[in-house]
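*Asks:* Take a look at this one; I'll ask things after.
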Amino acid sequence: MNLLELIKLLNMNYSGSLDEYGFFMELIDRCIGEDKQNPFSGIDKDTVERGIRGQNGLSKAKLKKVNQFREVGRLAKYIEEKYPEDKIYLMESQIKLQVPDFNPDEADFSYPCEDLFFQLLDVYINTTNKRSKKKQESTALSPDDITLMTESPVQQPVVQQFVQNQFNISQTGNGINIGHADTIEIRDGKVVTLK
């Protein structure tokens, strides 16, 4: 289970009449102190709704503020007030399908749910967004771009390897795509000169 799935579960079982956006804003308000401003209050409704649905993701910077403004027990009290017993039982059953060790002491659902919410919030904040990673493109290097290293930063035996012939050299990960060369010198697994 992840944070967005828990928010959707809480929203589906909510006994009030708020729409998706209104519910999320109320949920966040109930996670933070009364004297703190909801970090999502300045964001467009459509953006928040797409984030909840997982289309864009929720702002990690805003969620970090939610975590900073967190007031222990406030979300648990909200769950106790807004969810009837049958909905609580249903939600607990659904959570246990994905998180088998959820609430092993069979305590009141609201506090374990609050703990799970903030655990999932921490995981969500600390995961890397695959979309935000920049694609690495390989760039062609000319022989002038390659310089001989005179010192090795790590004390390892130097292995020299000379290759005679024409090769089409490509190396992924650091963007090397050399092209043709007659002589290549490799030290410590790196191409250091081309001729």
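For the structure tokens, the naming scheme is as follows: chains receive sequential letters (A, B, ...) according to their order of presentation, residues are indexed from 1 within each chain, and ligands are indexed from 1 in presentation order.
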With only C-alpha atoms as the counted atoms, please give the residues lying no more than 9 Å from stretch 109-114 of chain A, apart from itself and same-chain residues fewer than 5 positions off, as a PDB file with N, CA and C atoms, in the first residue's frame.

*Replies:*
ATOM      1  N   CYS A  31      -4.195  16.740   9.631  1.00  0.00           N
ATOM      2  CA  CYS A  31      -2.867  16.155   9.917  1.00  0.00           C
ATOM      3  C   CYS A  31      -1.945  17.169  10.585  1.00  0.00           C
ATOM      4  N   VAL A  72       0.444  15.171  16.338  1.00  0.00           N
ATOM      5  CA  VAL A  72       0.101  13.790  16.687  1.00  0.00           C
ATOM      6  C   VAL A  72      -1.286  13.725  17.324  1.00  0.00           C
ATOM      7  N   GLY A  73      -2.085  12.782  16.873  1.00  0.00           N
ATOM      8  CA  GLY A  73      -3.401  12.538  17.430  1.00  0.00           C
ATOM      9  C   GLY A  73      -4.535  13.252  16.722  1.00  0.00           C
ATOM     10  N   ARG A  74      -4.229  14.281  15.980  1.00  0.00           N
ATOM     11  CA  ARG A  74      -5.279  15.058  15.299  1.00  0.00           C
ATOM     12  C   ARG A  74      -5.953  14.247  14.200  1.00  0.00           C
ATOM     13  N   LEU A  75      -5.162  13.542  13.401  1.00  0.00           N
ATOM     14  CA  LEU A  75      -5.736  12.716  12.334  1.00  0.00           C
ATOM     15  C   LEU A  75      -6.530  11.559  12.938  1.00  0.00           C
ATOM     16  N   ALA A  76      -6.026  10.961  14.000  1.00  0.00           N
ATOM     17  CA  ALA A  76      -6.739   9.857  14.662  1.00  0.00           C
ATOM     18  C   ALA A  76      -8.106  10.324  15.165  1.00  0.00           C
ATOM     19  N   LYS A  77      -8.157  11.505  15.748  1.00  0.00           N
ATOM     20  CA  LYS A  77      -9.424  12.048  16.242  1.00  0.00           C
ATOM     21  C   LYS A  77     -10.392  12.287  15.079  1.00  0.00           C
ATOM     22  N   TYR A  78      -9.860  12.757  13.950  1.00  0.00           N
ATOM     23  CA  TYR A  78     -10.678  12.982  12.746  1.00  0.00           C
ATOM     24  C   TYR A  78     -11.280  11.662  12.261  1.00  0.00           C
ATOM     25  N   ILE A  79     -10.477  10.605  12.247  1.00  0.00           N
ATOM     26  CA  ILE A  79     -10.958   9.290  11.805  1.00  0.00           C
ATOM     27  C   ILE A  79     -12.061   8.797  12.740  1.00  0.00           C
ATOM     28  N   GLU A  80     -11.872   8.970  14.030  1.00  0.00           N
ATOM     29  CA  GLU A  80     -12.897   8.553  14.996  1.00  0.00           C
ATOM     30  C   GLU A  80     -14.211   9.300  14.777  1.00  0.00           C
ATOM     31  N   ILE A  88     -14.877   1.568   9.349  1.00  0.00           N
ATOM     32  CA  ILE A  88     -13.575   1.338   9.976  1.00  0.00           C
ATOM     33  C   ILE A  88     -13.178  -0.125   9.827  1.00  0.00           C
ATOM     34  N   TYR A  89     -14.122  -1.018  10.072  1.00  0.00           N
ATOM     35  CA  TYR A  89     -13.847  -2.454   9.932  1.00  0.00           C
ATOM     36  C   TYR A  89     -13.470  -2.795   8.490  1.00  0.00           C
ATOM     37  N   GLU A  92      -9.947  -1.385   7.714  1.00  0.00           N
ATOM     38  CA  GLU A  92      -8.911  -2.172   8.373  1.00  0.00           C
ATOM     39  C   GLU A  92      -8.693  -3.493   7.639  1.00  0.00           C
ATOM     40  N   PHE A 102      -0.420  -4.850   9.904  1.00  0.00           N
ATOM     41  CA  PHE A 102      -1.084  -3.628  10.337  1.00  0.00           C
ATOM     42  C   PHE A 102      -1.897  -3.896  11.596  1.00  0.00           C
ATOM     43  N   ASN A 103      -1.720  -3.081  12.604  1.00  0.00           N
ATOM     44  CA  ASN A 103      -2.469  -3.125  13.863  1.00  0.00           C
ATOM     45  C   ASN A 103      -2.484  -4.526  14.494  1.00  0.00           C
ATOM     46  N   GLN A 119       3.807   7.037   8.015  1.00  0.00           N
ATOM     47  CA  GLN A 119       4.864   6.157   7.491  1.00  0.00           C
ATOM     48  C   GLN A 119       4.852   6.180   5.961  1.00  0.00           C
TER      49      GLN A 119
END

*Asks:* Would you pick out the contacts of A:Gly16 at 9 Å or less, using only C-alpha atoms, so that residues sharing its chain but fewer than 6 positions from it are not included, and give the list as a CSV table (one decimal) with N, CA and C atoms, in the first residue's frame?

*Replies:*
chain,number,residue,atom,x,y,z
A,23,PHE,N,-12.2,16.7,0.3
A,23,PHE,CA,-11.8,15.7,1.3
A,23,PHE,C,-10.3,15.7,1.5
A,82,LYS,N,-15.3,10.9,11.9
A,82,LYS,CA,-15.9,10.9,10.5
A,82,LYS,C,-16.2,9.5,9.9
A,83,TYR,N,-15.8,8.4,10.6
A,83,TYR,CA,-16.0,7.1,10.0
A,83,TYR,C,-16.8,6.2,11.0

*Asks:* Pick the closest to A:Phe117 from A:Gln37, A:Asn56, A:Leu63, A:Glu81: which is it, counting only C-alpha atoms?

*Replies:*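 For A:Phe117, the nearest of the given residues is A:Leu63.
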
*Asks:* Select, from A:Glu20, A:Phe118, A:Lys87, A:Ser59, the residue with the minimum atom-to-atom distance to A:Lys45, counting only C-alpha atoms.

*Replies:*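 Comparing A:Glu20, A:Phe118, A:Lys87, A:Ser59 against A:Lys45, the winner is A:Glu20.
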
*Asks:* Compare A:Glu106, A:Leu121, A:Met91, A:Tyr14 by their minimum atom-to-atom distance to A:Lys64, counting only C-alpha atoms, and give me the closest one.

*Replies:*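 With only C-alpha atoms as the atom set, the closest residue is A:Leu121.
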
*Asks:* Do you know which residues are at most 12 Å from A:Leu58 counting only C-alpha atoms, after dropping those on the same chain fewer than 6 positions away, and could you put them as JSON, numbers by chain?

*Replies:* {"A": [3, 4, 7, 24, 39, 40, 43, 46, 47, 48, 49, 50, 51, 52, 64, 66, 121, 124, 125, 129]}

*Asks:* Include N, CA and C atoms and write out the residues we just selected as a PDB file, in the first residue's frame.

*Replies:*
ATOM      1  N   LEU A   3       0.862   5.806  -0.162  1.00  0.00           N
ATOM      2  CA  LEU A   3       0.132   6.946   0.387  1.00  0.00           C
ATOM      3  C   LEU A   3      -1.121   7.257  -0.416  1.00  0.00           C
ATOM      4  N   LEU A   4      -1.026   7.267  -1.731  1.00  0.00           N
ATOM      5  CA  LEU A   4      -2.182   7.600  -2.564  1.00  0.00           C
ATOM      6  C   LEU A   4      -3.292   6.565  -2.414  1.00  0.00           C
ATOM      7  N   ILE A   7      -5.037   7.291   0.883  1.00  0.00           N
ATOM      8  CA  ILE A   7      -5.898   8.478   0.756  1.00  0.00           C
ATOM      9  C   ILE A   7      -7.187   8.110   0.008  1.00  0.00           C
ATOM     10  N   PHE A  24      -9.478  15.821   0.460  1.00  0.00           N
ATOM     11  CA  PHE A  24      -8.026  15.852   0.613  1.00  0.00           C
ATOM     12  C   PHE A  24      -7.592  17.063   1.436  1.00  0.00           C
ATOM     13  N   PRO A  39      -0.385  23.444   3.429  1.00  0.00           N
ATOM     14  CA  PRO A  39       0.576  23.712   2.359  1.00  0.00           C
ATOM     15  C   PRO A  39      -0.022  23.594   0.956  1.00  0.00           C
ATOM     16  N   PHE A  40      -1.127  22.874   0.806  1.00  0.00           N
ATOM     17  CA  PHE A  40      -1.741  22.687  -0.506  1.00  0.00           C
ATOM     18  C   PHE A  40      -2.785  23.766  -0.823  1.00  0.00           C
ATOM     19  N   ILE A  43      -2.464  25.729  -4.167  1.00  0.00           N
ATOM     20  CA  ILE A  43      -2.353  24.962  -5.411  1.00  0.00           C
ATOM     21  C   ILE A  43      -3.728  24.820  -6.049  1.00  0.00           C
ATOM     22  N   ASP A  46      -7.442  21.448  -9.735  1.00  0.00           N
ATOM     23  CA  ASP A  46      -7.200  20.423 -10.754  1.00  0.00           C
ATOM     24  C   ASP A  46      -5.834  19.756 -10.559  1.00  0.00           C
ATOM     25  N   THR A  47      -4.838  20.533 -10.192  1.00  0.00           N
ATOM     26  CA  THR A  47      -3.487  19.996  -9.956  1.00  0.00           C
ATOM     27  C   THR A  47      -3.495  19.036  -8.774  1.00  0.00           C
ATOM     28  N   VAL A  48      -4.184  19.417  -7.710  1.00  0.00           N
ATOM     29  CA  VAL A  48      -4.268  18.558  -6.521  1.00  0.00           C
ATOM     30  C   VAL A  48      -5.003  17.269  -6.865  1.00  0.00           C
ATOM     31  N   GLU A  49      -6.109  17.373  -7.598  1.00  0.00           N
ATOM     32  CA  GLU A  49      -6.879  16.177  -7.949  1.00  0.00           C
ATOM     33  C   GLU A  49      -6.064  15.222  -8.826  1.00  0.00           C
ATOM     34  N   ARG A  50      -5.306  15.754  -9.772  1.00  0.00           N
ATOM     35  CA  ARG A  50      -4.438  14.891 -10.596  1.00  0.00           C
ATOM     36  C   ARG A  50      -3.361  14.246  -9.732  1.00  0.00           C
ATOM     37  N   GLY A  51      -2.875  14.961  -8.744  1.00  0.00           N
ATOM     38  CA  GLY A  51      -1.875  14.403  -7.827  1.00  0.00           C
ATOM     39  C   GLY A  51      -2.438  13.267  -6.998  1.00  0.00           C
ATOM     40  N   ILE A  52      -3.654  13.434  -6.508  1.00  0.00           N
ATOM     41  CA  ILE A  52      -4.309  12.398  -5.706  1.00  0.00           C
ATOM     42  C   ILE A  52      -4.535  11.147  -6.548  1.00  0.00           C
ATOM     43  N   LYS A  64       6.370  17.521   2.619  1.00  0.00           N
ATOM     44  CA  LYS A  64       7.386  17.705   3.665  1.00  0.00           C
ATOM     45  C   LYS A  64       6.890  18.712   4.697  1.00  0.00           C
ATOM     46  N   VAL A  66       3.750  19.257   5.399  1.00  0.00           N
ATOM     47  CA  VAL A  66       2.717  18.555   6.176  1.00  0.00           C
ATOM     48  C   VAL A  66       3.384  17.767   7.293  1.00  0.00           C
ATOM     49  N   LEU A 121       3.616   8.532   4.132  1.00  0.00           N
ATOM     50  CA  LEU A 121       4.004   9.885   3.743  1.00  0.00           C
ATOM     51  C   LEU A 121       5.519   9.989   3.668  1.00  0.00           C
ATOM     52  N   TYR A 124       6.725   8.148   0.614  1.00  0.00           N
ATOM     53  CA  TYR A 124       6.390   8.911  -0.596  1.00  0.00           C
ATOM     54  C   TYR A 124       7.356  10.080  -0.793  1.00  0.00           C
ATOM     55  N   ILE A 125       7.661  10.773   0.282  1.00  0.00           N
ATOM     56  CA  ILE A 125       8.566  11.923   0.210  1.00  0.00           C
ATOM     57  C   ILE A 125       9.967  11.483  -0.205  1.00  0.00           C
ATOM     58  N   ASN A 129      11.266  10.213  -7.929  1.00  0.00           N
ATOM     59  CA  ASN A 129      10.283  10.284  -8.997  1.00  0.00           C
ATOM     60  C   ASN A 129      10.961   9.969 -10.319  1.00  0.00           C
TER      61      ASN A 129
END

*Asks:* Take atom CA of A:Lys96 and atom CA of A:Ala61 and report the distance between them in Å, one decimal.

*Replies:* 29.3 Å

*Asks:* Select, from A:Leu97, A:Val123, A:Met1, A:Leu10, the residue with the minimum atom-to-atom distance to A:Glu26, counting only C-alpha atoms.

*Replies:*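 Closest candidate: A:Leu10.
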